[in-house]
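What follows is the content of work15.txt (compact mmCIF, N, CA, C and O atoms).
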```txt
# COMPACT_ATOMS: atom_id res chain seq x y z
N MET T 30 -2.89 8.32 -11.64
CA MET T 30 -3.85 8.01 -10.60
C MET T 30 -4.16 6.52 -10.56
O MET T 30 -4.28 5.93 -9.50
N LEU T 31 -4.28 5.92 -11.74
CA LEU T 31 -4.57 4.49 -11.82
C LEU T 31 -3.44 3.67 -11.22
O LEU T 31 -3.68 2.67 -10.54
N GLY T 32 -2.19 4.13 -11.41
CA GLY T 32 -1.05 3.43 -10.84
C GLY T 32 -1.07 3.43 -9.32
O GLY T 32 -0.70 2.44 -8.68
N ILE T 33 -1.52 4.52 -8.74
CA ILE T 33 -1.61 4.61 -7.29
C ILE T 33 -2.67 3.63 -6.77
O ILE T 33 -2.46 2.92 -5.79
N ILE T 34 -3.80 3.58 -7.45
CA ILE T 34 -4.86 2.67 -7.04
C ILE T 34 -4.40 1.22 -7.15
O ILE T 34 -4.61 0.42 -6.22
N ILE T 35 -3.73 0.89 -8.24
CA ILE T 35 -3.27 -0.49 -8.44
C ILE T 35 -2.20 -0.86 -7.42
O ILE T 35 -2.23 -1.96 -6.86
N SER T 36 -1.28 0.05 -7.15
CA SER T 36 -0.19 -0.30 -6.24
C SER T 36 -0.64 -0.39 -4.78
O SER T 36 -0.04 -1.11 -3.98
N LEU T 37 -1.69 0.31 -4.41
CA LEU T 37 -2.18 0.25 -3.03
C LEU T 37 -3.35 -0.72 -2.85
O LEU T 37 -3.81 -0.93 -1.73
N ALA T 38 -3.81 -1.34 -3.93
CA ALA T 38 -4.94 -2.26 -3.85
C ALA T 38 -4.70 -3.42 -2.88
O ALA T 38 -5.60 -3.74 -2.10
N PRO T 39 -3.53 -4.06 -2.89
CA PRO T 39 -3.35 -5.19 -1.96
C PRO T 39 -3.50 -4.79 -0.49
O PRO T 39 -4.18 -5.49 0.27
N VAL T 40 -2.91 -3.68 -0.08
CA VAL T 40 -3.01 -3.27 1.32
C VAL T 40 -4.42 -2.83 1.67
O VAL T 40 -4.90 -3.08 2.78
N ILE T 41 -5.12 -2.23 0.74
CA ILE T 41 -6.49 -1.78 1.00
C ILE T 41 -7.44 -2.98 1.08
O ILE T 41 -8.24 -3.08 2.02
N ILE T 42 -7.35 -3.88 0.12
CA ILE T 42 -8.24 -5.05 0.10
C ILE T 42 -8.00 -5.93 1.32
O ILE T 42 -8.94 -6.34 2.00
N LEU T 43 -6.72 -6.23 1.60
CA LEU T 43 -6.41 -7.05 2.77
C LEU T 43 -6.82 -6.35 4.05
O LEU T 43 -7.30 -6.98 4.99
N GLY T 44 -6.67 -5.03 4.10
CA GLY T 44 -7.09 -4.27 5.27
C GLY T 44 -8.59 -4.36 5.51
O GLY T 44 -9.04 -4.53 6.65
N ILE T 45 -9.37 -4.28 4.45
CA ILE T 45 -10.82 -4.40 4.57
C ILE T 45 -11.20 -5.80 5.03
O ILE T 45 -12.05 -5.97 5.92
N VAL T 46 -10.58 -6.81 4.43
CA VAL T 46 -10.87 -8.20 4.80
C VAL T 46 -10.52 -8.44 6.27
O VAL T 46 -11.31 -9.04 7.02
N LEU T 47 -9.36 -7.97 6.71
CA LEU T 47 -8.96 -8.15 8.10
C LEU T 47 -9.88 -7.39 9.06
O LEU T 47 -10.16 -7.85 10.16
N PHE T 48 -10.34 -6.22 8.64
CA PHE T 48 -11.28 -5.45 9.47
C PHE T 48 -12.59 -6.22 9.66
O PHE T 48 -13.12 -6.29 10.77
N ILE T 49 -13.09 -6.80 8.58
CA ILE T 49 -14.32 -7.59 8.67
C ILE T 49 -14.12 -8.82 9.54
O ILE T 49 -14.96 -9.14 10.39
N ILE T 50 -12.98 -9.50 9.34
CA ILE T 50 -12.69 -10.68 10.16
C ILE T 50 -12.60 -10.29 11.63
O ILE T 50 -13.12 -10.99 12.50
N ASN T 51 -11.96 -9.17 11.91
CA ASN T 51 -11.83 -8.72 13.29
C ASN T 51 -13.18 -8.39 13.91
O ASN T 51 -13.37 -8.56 15.11
N ALA T 52 -14.12 -7.94 13.12
CA ALA T 52 -15.46 -7.64 13.64
C ALA T 52 -16.27 -8.91 13.87
O ALA T 52 -17.20 -8.89 14.69
N ILE T 53 -15.91 -10.00 13.20
CA ILE T 53 -16.69 -11.23 13.29
C ILE T 53 -16.15 -12.18 14.36
O ILE T 53 -16.94 -12.83 15.05
N VAL T 54 -14.83 -12.29 14.47
CA VAL T 54 -14.25 -13.29 15.37
C VAL T 54 -14.51 -12.94 16.83
O VAL T 54 -14.78 -11.79 17.17
N PRO T 55 -14.42 -13.93 17.72
CA PRO T 55 -14.59 -13.66 19.15
C PRO T 55 -13.55 -12.68 19.68
O PRO T 55 -12.46 -12.53 19.10
N GLN T 56 -13.88 -12.03 20.77
CA GLN T 56 -13.01 -11.02 21.39
C GLN T 56 -11.61 -11.56 21.67
O GLN T 56 -10.63 -10.83 21.59
N SER T 57 -11.49 -12.84 21.97
CA SER T 57 -10.18 -13.41 22.32
C SER T 57 -9.21 -13.42 21.14
O SER T 57 -8.00 -13.50 21.34
N TYR T 58 -9.70 -13.31 19.90
CA TYR T 58 -8.84 -13.29 18.73
C TYR T 58 -8.55 -11.88 18.22
O TYR T 58 -7.86 -11.71 17.23
N PHE T 59 -9.11 -10.87 18.88
CA PHE T 59 -8.96 -9.49 18.41
C PHE T 59 -7.50 -9.12 18.20
O PHE T 59 -7.13 -8.60 17.15
N TRP T 60 -6.64 -9.35 19.19
CA TRP T 60 -5.25 -8.91 19.10
C TRP T 60 -4.46 -9.69 18.06
O TRP T 60 -3.54 -9.16 17.45
N VAL T 61 -4.83 -10.92 17.81
CA VAL T 61 -4.15 -11.71 16.77
C VAL T 61 -4.39 -11.07 15.41
O VAL T 61 -3.46 -10.80 14.65
N ILE T 62 -5.65 -10.80 15.11
CA ILE T 62 -5.99 -10.18 13.82
C ILE T 62 -5.44 -8.75 13.76
O ILE T 62 -4.96 -8.30 12.71
N TYR T 63 -5.45 -8.05 14.87
CA TYR T 63 -4.91 -6.69 14.93
C TYR T 63 -3.43 -6.67 14.57
O TYR T 63 -2.99 -5.83 13.78
N PHE T 64 -2.65 -7.60 15.11
CA PHE T 64 -1.22 -7.64 14.81
C PHE T 64 -0.95 -8.08 13.37
O PHE T 64 0.01 -7.63 12.75
N VAL T 65 -1.80 -8.92 12.82
CA VAL T 65 -1.69 -9.27 11.39
C VAL T 65 -1.94 -8.01 10.56
O VAL T 65 -1.23 -7.74 9.58
N GLN T 66 -2.93 -7.22 10.94
CA GLN T 66 -3.22 -5.96 10.25
C GLN T 66 -2.04 -4.99 10.34
O GLN T 66 -1.69 -4.32 9.37
N MET T 67 -1.42 -4.90 11.51
CA MET T 67 -0.26 -4.02 11.67
C MET T 67 0.91 -4.51 10.80
O MET T 67 1.64 -3.70 10.23
N GLY T 68 1.08 -5.81 10.70
CA GLY T 68 2.10 -6.35 9.81
C GLY T 68 1.82 -6.03 8.36
O GLY T 68 2.74 -5.73 7.58
N ASN T 69 0.55 -6.06 7.99
CA ASN T 69 0.14 -5.69 6.63
C ASN T 69 0.49 -4.23 6.34
O ASN T 69 1.06 -3.91 5.29
N LEU T 70 0.19 -3.35 7.27
CA LEU T 70 0.49 -1.92 7.08
C LEU T 70 2.00 -1.66 7.09
O LEU T 70 2.50 -0.85 6.31
N ALA T 71 2.72 -2.34 7.97
CA ALA T 71 4.18 -2.15 8.02
C ALA T 71 4.83 -2.66 6.74
O ALA T 71 5.77 -2.04 6.23
N GLY T 72 4.33 -3.75 6.22
CA GLY T 72 4.87 -4.29 4.97
C GLY T 72 4.60 -3.39 3.77
O GLY T 72 5.33 -3.42 2.79
N ALA T 73 3.56 -2.60 3.87
CA ALA T 73 3.19 -1.70 2.77
C ALA T 73 3.80 -0.31 2.92
O ALA T 73 3.52 0.57 2.11
N ALA T 74 4.65 -0.11 3.92
CA ALA T 74 5.26 1.21 4.14
C ALA T 74 6.01 1.69 2.91
O ALA T 74 5.93 2.86 2.53
N SER T 75 6.74 0.78 2.26
CA SER T 75 7.48 1.19 1.06
C SER T 75 6.53 1.54 -0.07
O SER T 75 6.83 2.42 -0.89
N ASP T 76 5.38 0.86 -0.15
CA ASP T 76 4.39 1.20 -1.18
C ASP T 76 3.85 2.61 -0.98
O ASP T 76 3.69 3.37 -1.93
N PHE T 77 3.59 2.97 0.29
CA PHE T 77 3.13 4.33 0.58
C PHE T 77 4.20 5.36 0.20
O PHE T 77 3.90 6.42 -0.35
N TYR T 78 5.46 5.05 0.50
CA TYR T 78 6.56 5.98 0.19
C TYR T 78 6.72 6.16 -1.32
O TYR T 78 6.85 7.28 -1.81
N VAL T 79 6.69 5.07 -2.06
CA VAL T 79 6.83 5.16 -3.52
C VAL T 79 5.66 5.93 -4.11
O VAL T 79 5.85 6.74 -5.03
N ASN T 80 4.46 5.72 -3.61
CA ASN T 80 3.31 6.47 -4.10
C ASN T 80 3.43 7.95 -3.80
O ASN T 80 3.03 8.79 -4.59
N TYR T 81 3.99 8.27 -2.65
CA TYR T 81 4.23 9.67 -2.31
C TYR T 81 5.21 10.29 -3.32
O TYR T 81 4.97 11.40 -3.82
N LEU T 82 6.29 9.58 -3.62
CA LEU T 82 7.26 10.10 -4.59
C LEU T 82 6.64 10.23 -5.98
O LEU T 82 6.87 11.22 -6.68
N MET T 83 5.87 9.25 -6.37
CA MET T 83 5.26 9.28 -7.71
C MET T 83 4.21 10.38 -7.83
O MET T 83 3.99 10.91 -8.92
N SER T 84 3.56 10.74 -6.74
CA SER T 84 2.54 11.79 -6.80
C SER T 84 3.15 13.15 -7.07
O SER T 84 2.47 14.06 -7.52
N LYS T 85 4.45 13.31 -6.83
CA LYS T 85 5.13 14.58 -7.07
C LYS T 85 5.69 14.68 -8.49
O LYS T 85 6.23 15.71 -8.85
N MET T 86 5.58 13.62 -9.29
CA MET T 86 6.14 13.61 -10.64
C MET T 86 5.07 13.96 -11.66
O MET T 86 3.88 13.92 -11.38
N HIS T 87 5.53 14.28 -12.87
CA HIS T 87 4.62 14.60 -13.96
C HIS T 87 3.79 13.38 -14.33
O HIS T 87 4.19 12.25 -14.12
N ASP T 88 2.64 13.64 -14.94
CA ASP T 88 1.74 12.55 -15.33
C ASP T 88 2.35 11.65 -16.41
O ASP T 88 2.00 10.49 -16.51
N GLU T 89 3.26 12.20 -17.21
CA GLU T 89 3.86 11.42 -18.30
C GLU T 89 5.05 10.58 -17.85
O GLU T 89 5.69 9.93 -18.65
N THR T 90 5.39 10.61 -16.58
CA THR T 90 6.55 9.86 -16.09
C THR T 90 6.25 8.37 -16.12
O THR T 90 5.21 7.91 -15.66
N LEU T 91 7.20 7.61 -16.69
CA LEU T 91 7.08 6.16 -16.74
C LEU T 91 7.98 5.56 -15.66
O LEU T 91 9.07 6.04 -15.41
N THR T 92 7.51 4.50 -15.03
CA THR T 92 8.26 3.87 -13.95
C THR T 92 8.54 2.42 -14.30
O THR T 92 7.64 1.69 -14.73
N GLN T 93 9.79 2.01 -14.12
CA GLN T 93 10.18 0.62 -14.33
C GLN T 93 10.60 0.05 -12.98
O GLN T 93 11.55 0.52 -12.36
N ASP T 94 9.86 -0.95 -12.53
CA ASP T 94 10.14 -1.60 -11.25
C ASP T 94 10.95 -2.85 -11.53
O ASP T 94 10.49 -3.78 -12.18
N ALA T 95 12.18 -2.91 -11.00
CA ALA T 95 13.07 -4.05 -11.23
C ALA T 95 13.20 -4.91 -9.98
O ALA T 95 14.17 -5.62 -9.82
N GLY T 96 12.24 -4.85 -9.09
CA GLY T 96 12.29 -5.66 -7.88
C GLY T 96 12.91 -4.91 -6.72
O GLY T 96 12.22 -4.50 -5.80
N VAL T 97 14.23 -4.73 -6.74
CA VAL T 97 14.91 -4.04 -5.64
C VAL T 97 15.23 -2.59 -5.99
O VAL T 97 15.75 -1.86 -5.16
N SER T 98 14.95 -2.18 -7.21
CA SER T 98 15.22 -0.79 -7.61
C SER T 98 14.13 -0.34 -8.58
O SER T 98 13.44 -1.15 -9.18
N MET T 99 14.01 0.97 -8.70
CA MET T 99 13.05 1.55 -9.62
C MET T 99 13.73 2.62 -10.45
O MET T 99 14.56 3.36 -9.93
N SER T 100 13.36 2.68 -11.72
CA SER T 100 13.85 3.73 -12.61
C SER T 100 12.65 4.51 -13.11
O SER T 100 11.62 3.93 -13.44
N MET T 101 12.81 5.84 -13.15
CA MET T 101 11.72 6.70 -13.60
C MET T 101 12.20 7.50 -14.80
O MET T 101 13.30 8.04 -14.77
N TYR T 102 11.38 7.52 -15.83
CA TYR T 102 11.73 8.19 -17.07
C TYR T 102 10.68 9.23 -17.40
O TYR T 102 9.49 9.00 -17.27
N SER T 103 11.14 10.40 -17.84
CA SER T 103 10.23 11.43 -18.30
C SER T 103 10.87 12.19 -19.46
O SER T 103 12.08 12.17 -19.65
N LYS T 104 10.03 12.87 -20.25
CA LYS T 104 10.54 13.65 -21.38
C LYS T 104 11.32 14.85 -20.89
O LYS T 104 10.99 15.45 -19.86
N GLN T 105 12.36 15.18 -21.63
CA GLN T 105 13.09 16.40 -21.31
C GLN T 105 12.38 17.58 -21.98
O GLN T 105 11.90 17.48 -23.09
N SER T 106 12.33 18.69 -21.28
CA SER T 106 11.65 19.87 -21.83
C SER T 106 12.60 20.67 -22.67
O SER T 106 13.74 20.80 -22.44
```
Any chance you could put this one into structure tokens?
Amino acid sequence: MLGIIISLAPVIILGIVLFIINAIVPQSYFWVIYFVQMGNLAGAASDFYVNYLMSKMHDETLTQDAGVSMSMYSKQS
């Protein structure tokens, strides 16, 4: 559970900050901030997918992130 929170923290924190900025800036800047927010969510699509896959694994599963690939290790029963 902690891994999911940590891995999604950037998209959540930036999303909250952009939401607040969008509420503060003049109406003419709404779409600029909105498209930045959409870029933030689109960039985090792989994070959502990896979290979905990890949620289906056992709690003891270890994950090694090598940048462009991930390896998952778990005990054999």
Nearest to Pro39 in chain T: which of T:Ala73, T:Met99, T:Met86, T:Val79 is it, counting only C-alpha atoms?
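Between T:Ala73, T:Met99, T:Met86, T:Val79, the residue approaching Pro39 in chain T most closely is T:Ala73.
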For atom C of Tyr78 in chain T and atom C of Ser100 in chain T, quote the distance in Å rounded to one decimal.
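Going from atom C of Tyr78 in chain T over to atom C of Ser100 in chain T covers 13.3 Å.
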Leaving out Glu89 in chain T and any residue of its chain fewer than 6 positions from it, which residues lie within 6 Å of it when counting all atoms listed in the file, given as an mmCIF file with N, CA, C and O atoms, in the coordinates of the input?
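Saved file selection.cif follows:
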```
data_model
loop_
_atom_site.group_PDB
_atom_site.id
_atom_site.type_symbol
_atom_site.label_atom_id
_atom_site.label_comp_id
_atom_site.auth_asym_id
_atom_site.auth_seq_id
_atom_site.Cartn_x
_atom_site.Cartn_y
_atom_site.Cartn_z
ATOM 1 N N TYR T 102 11.380 7.520 -15.830
ATOM 2 C CA TYR T 102 11.730 8.190 -17.070
ATOM 3 C C TYR T 102 10.680 9.230 -17.400
ATOM 4 O O TYR T 102 9.490 9.000 -17.270
ATOM 5 N N SER T 103 11.140 10.400 -17.840
ATOM 6 C CA SER T 103 10.230 11.430 -18.300
ATOM 7 C C SER T 103 10.870 12.190 -19.460
ATOM 8 O O SER T 103 12.080 12.170 -19.650
ATOM 9 N N LYS T 104 10.030 12.870 -20.250
ATOM 10 C CA LYS T 104 10.540 13.650 -21.380
ATOM 11 C C LYS T 104 11.320 14.850 -20.890
ATOM 12 O O LYS T 104 10.990 15.450 -19.860
#
```
Need to verify the contact set: Ile41 in chain T, 12 Å, only C-alpha atoms, exclusion of same-chain residues closer than 3 positions in sequence. Can you return it as a ChimeraX atom specification?
/T:33-38,44-48,66,69-70,73,76-77
May I have the selected residues written with N, CA, C and O atoms, as a PDB file, in the coordinates of the input?
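Output saved as out.pdb:
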```pdb
ATOM      1  N   ILE T  33      -1.520   4.520  -8.740  1.00  0.00           N
ATOM      2  CA  ILE T  33      -1.610   4.610  -7.290  1.00  0.00           C
ATOM      3  C   ILE T  33      -2.670   3.630  -6.770  1.00  0.00           C
ATOM      4  O   ILE T  33      -2.460   2.920  -5.790  1.00  0.00           O
ATOM      5  N   ILE T  34      -3.800   3.580  -7.450  1.00  0.00           N
ATOM      6  CA  ILE T  34      -4.860   2.670  -7.040  1.00  0.00           C
ATOM      7  C   ILE T  34      -4.400   1.220  -7.150  1.00  0.00           C
ATOM      8  O   ILE T  34      -4.610   0.420  -6.220  1.00  0.00           O
ATOM      9  N   ILE T  35      -3.730   0.890  -8.240  1.00  0.00           N
ATOM     10  CA  ILE T  35      -3.270  -0.490  -8.440  1.00  0.00           C
ATOM     11  C   ILE T  35      -2.200  -0.860  -7.420  1.00  0.00           C
ATOM     12  O   ILE T  35      -2.230  -1.960  -6.860  1.00  0.00           O
ATOM     13  N   SER T  36      -1.280   0.050  -7.150  1.00  0.00           N
ATOM     14  CA  SER T  36      -0.190  -0.300  -6.240  1.00  0.00           C
ATOM     15  C   SER T  36      -0.640  -0.390  -4.780  1.00  0.00           C
ATOM     16  O   SER T  36      -0.040  -1.110  -3.980  1.00  0.00           O
ATOM     17  N   LEU T  37      -1.690   0.310  -4.410  1.00  0.00           N
ATOM     18  CA  LEU T  37      -2.180   0.250  -3.030  1.00  0.00           C
ATOM     19  C   LEU T  37      -3.350  -0.720  -2.850  1.00  0.00           C
ATOM     20  O   LEU T  37      -3.810  -0.930  -1.730  1.00  0.00           O
ATOM     21  N   ALA T  38      -3.810  -1.340  -3.930  1.00  0.00           N
ATOM     22  CA  ALA T  38      -4.940  -2.260  -3.850  1.00  0.00           C
ATOM     23  C   ALA T  38      -4.700  -3.420  -2.880  1.00  0.00           C
ATOM     24  O   ALA T  38      -5.600  -3.740  -2.100  1.00  0.00           O
ATOM     25  N   GLY T  44      -6.670  -5.030   4.100  1.00  0.00           N
ATOM     26  CA  GLY T  44      -7.090  -4.270   5.270  1.00  0.00           C
ATOM     27  C   GLY T  44      -8.590  -4.360   5.510  1.00  0.00           C
ATOM     28  O   GLY T  44      -9.040  -4.530   6.650  1.00  0.00           O
ATOM     29  N   ILE T  45      -9.370  -4.280   4.450  1.00  0.00           N
ATOM     30  CA  ILE T  45     -10.820  -4.400   4.570  1.00  0.00           C
ATOM     31  C   ILE T  45     -11.200  -5.800   5.030  1.00  0.00           C
ATOM     32  O   ILE T  45     -12.050  -5.970   5.920  1.00  0.00           O
ATOM     33  N   VAL T  46     -10.580  -6.810   4.430  1.00  0.00           N
ATOM     34  CA  VAL T  46     -10.870  -8.200   4.800  1.00  0.00           C
ATOM     35  C   VAL T  46     -10.520  -8.440   6.270  1.00  0.00           C
ATOM     36  O   VAL T  46     -11.310  -9.040   7.020  1.00  0.00           O
ATOM     37  N   LEU T  47      -9.360  -7.970   6.710  1.00  0.00           N
ATOM     38  CA  LEU T  47      -8.960  -8.150   8.100  1.00  0.00           C
ATOM     39  C   LEU T  47      -9.880  -7.390   9.060  1.00  0.00           C
ATOM     40  O   LEU T  47     -10.160  -7.850  10.160  1.00  0.00           O
ATOM     41  N   PHE T  48     -10.340  -6.220   8.640  1.00  0.00           N
ATOM     42  CA  PHE T  48     -11.280  -5.450   9.470  1.00  0.00           C
ATOM     43  C   PHE T  48     -12.590  -6.220   9.660  1.00  0.00           C
ATOM     44  O   PHE T  48     -13.120  -6.290  10.770  1.00  0.00           O
ATOM     45  N   GLN T  66      -2.930  -7.220  10.940  1.00  0.00           N
ATOM     46  CA  GLN T  66      -3.220  -5.960  10.250  1.00  0.00           C
ATOM     47  C   GLN T  66      -2.040  -4.990  10.340  1.00  0.00           C
ATOM     48  O   GLN T  66      -1.690  -4.320   9.370  1.00  0.00           O
ATOM     49  N   ASN T  69       0.550  -6.060   7.990  1.00  0.00           N
ATOM     50  CA  ASN T  69       0.140  -5.690   6.630  1.00  0.00           C
ATOM     51  C   ASN T  69       0.490  -4.230   6.340  1.00  0.00           C
ATOM     52  O   ASN T  69       1.060  -3.910   5.290  1.00  0.00           O
ATOM     53  N   LEU T  70       0.190  -3.350   7.270  1.00  0.00           N
ATOM     54  CA  LEU T  70       0.490  -1.920   7.080  1.00  0.00           C
ATOM     55  C   LEU T  70       2.000  -1.660   7.090  1.00  0.00           C
ATOM     56  O   LEU T  70       2.500  -0.850   6.310  1.00  0.00           O
ATOM     57  N   ALA T  73       3.560  -2.600   3.870  1.00  0.00           N
ATOM     58  CA  ALA T  73       3.190  -1.700   2.770  1.00  0.00           C
ATOM     59  C   ALA T  73       3.800  -0.310   2.920  1.00  0.00           C
ATOM     60  O   ALA T  73       3.520   0.570   2.110  1.00  0.00           O
ATOM     61  N   ASP T  76       5.380   0.860  -0.150  1.00  0.00           N
ATOM     62  CA  ASP T  76       4.390   1.200  -1.180  1.00  0.00           C
ATOM     63  C   ASP T  76       3.850   2.610  -0.980  1.00  0.00           C
ATOM     64  O   ASP T  76       3.690   3.370  -1.930  1.00  0.00           O
ATOM     65  N   PHE T  77       3.590   2.970   0.290  1.00  0.00           N
ATOM     66  CA  PHE T  77       3.130   4.330   0.580  1.00  0.00           C
ATOM     67  C   PHE T  77       4.200   5.360   0.200  1.00  0.00           C
ATOM     68  O   PHE T  77       3.900   6.420  -0.350  1.00  0.00           O
TER      69      PHE T  77
END
```
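Across the model, the gap from atom N of Gln105 in chain T to atom C of Gly32 in chain T is 21.7 Å.
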Correct to one decimal, the distance CA of Gly72 in chain T-atom O of Leu91 in chain T is 23.2 Å
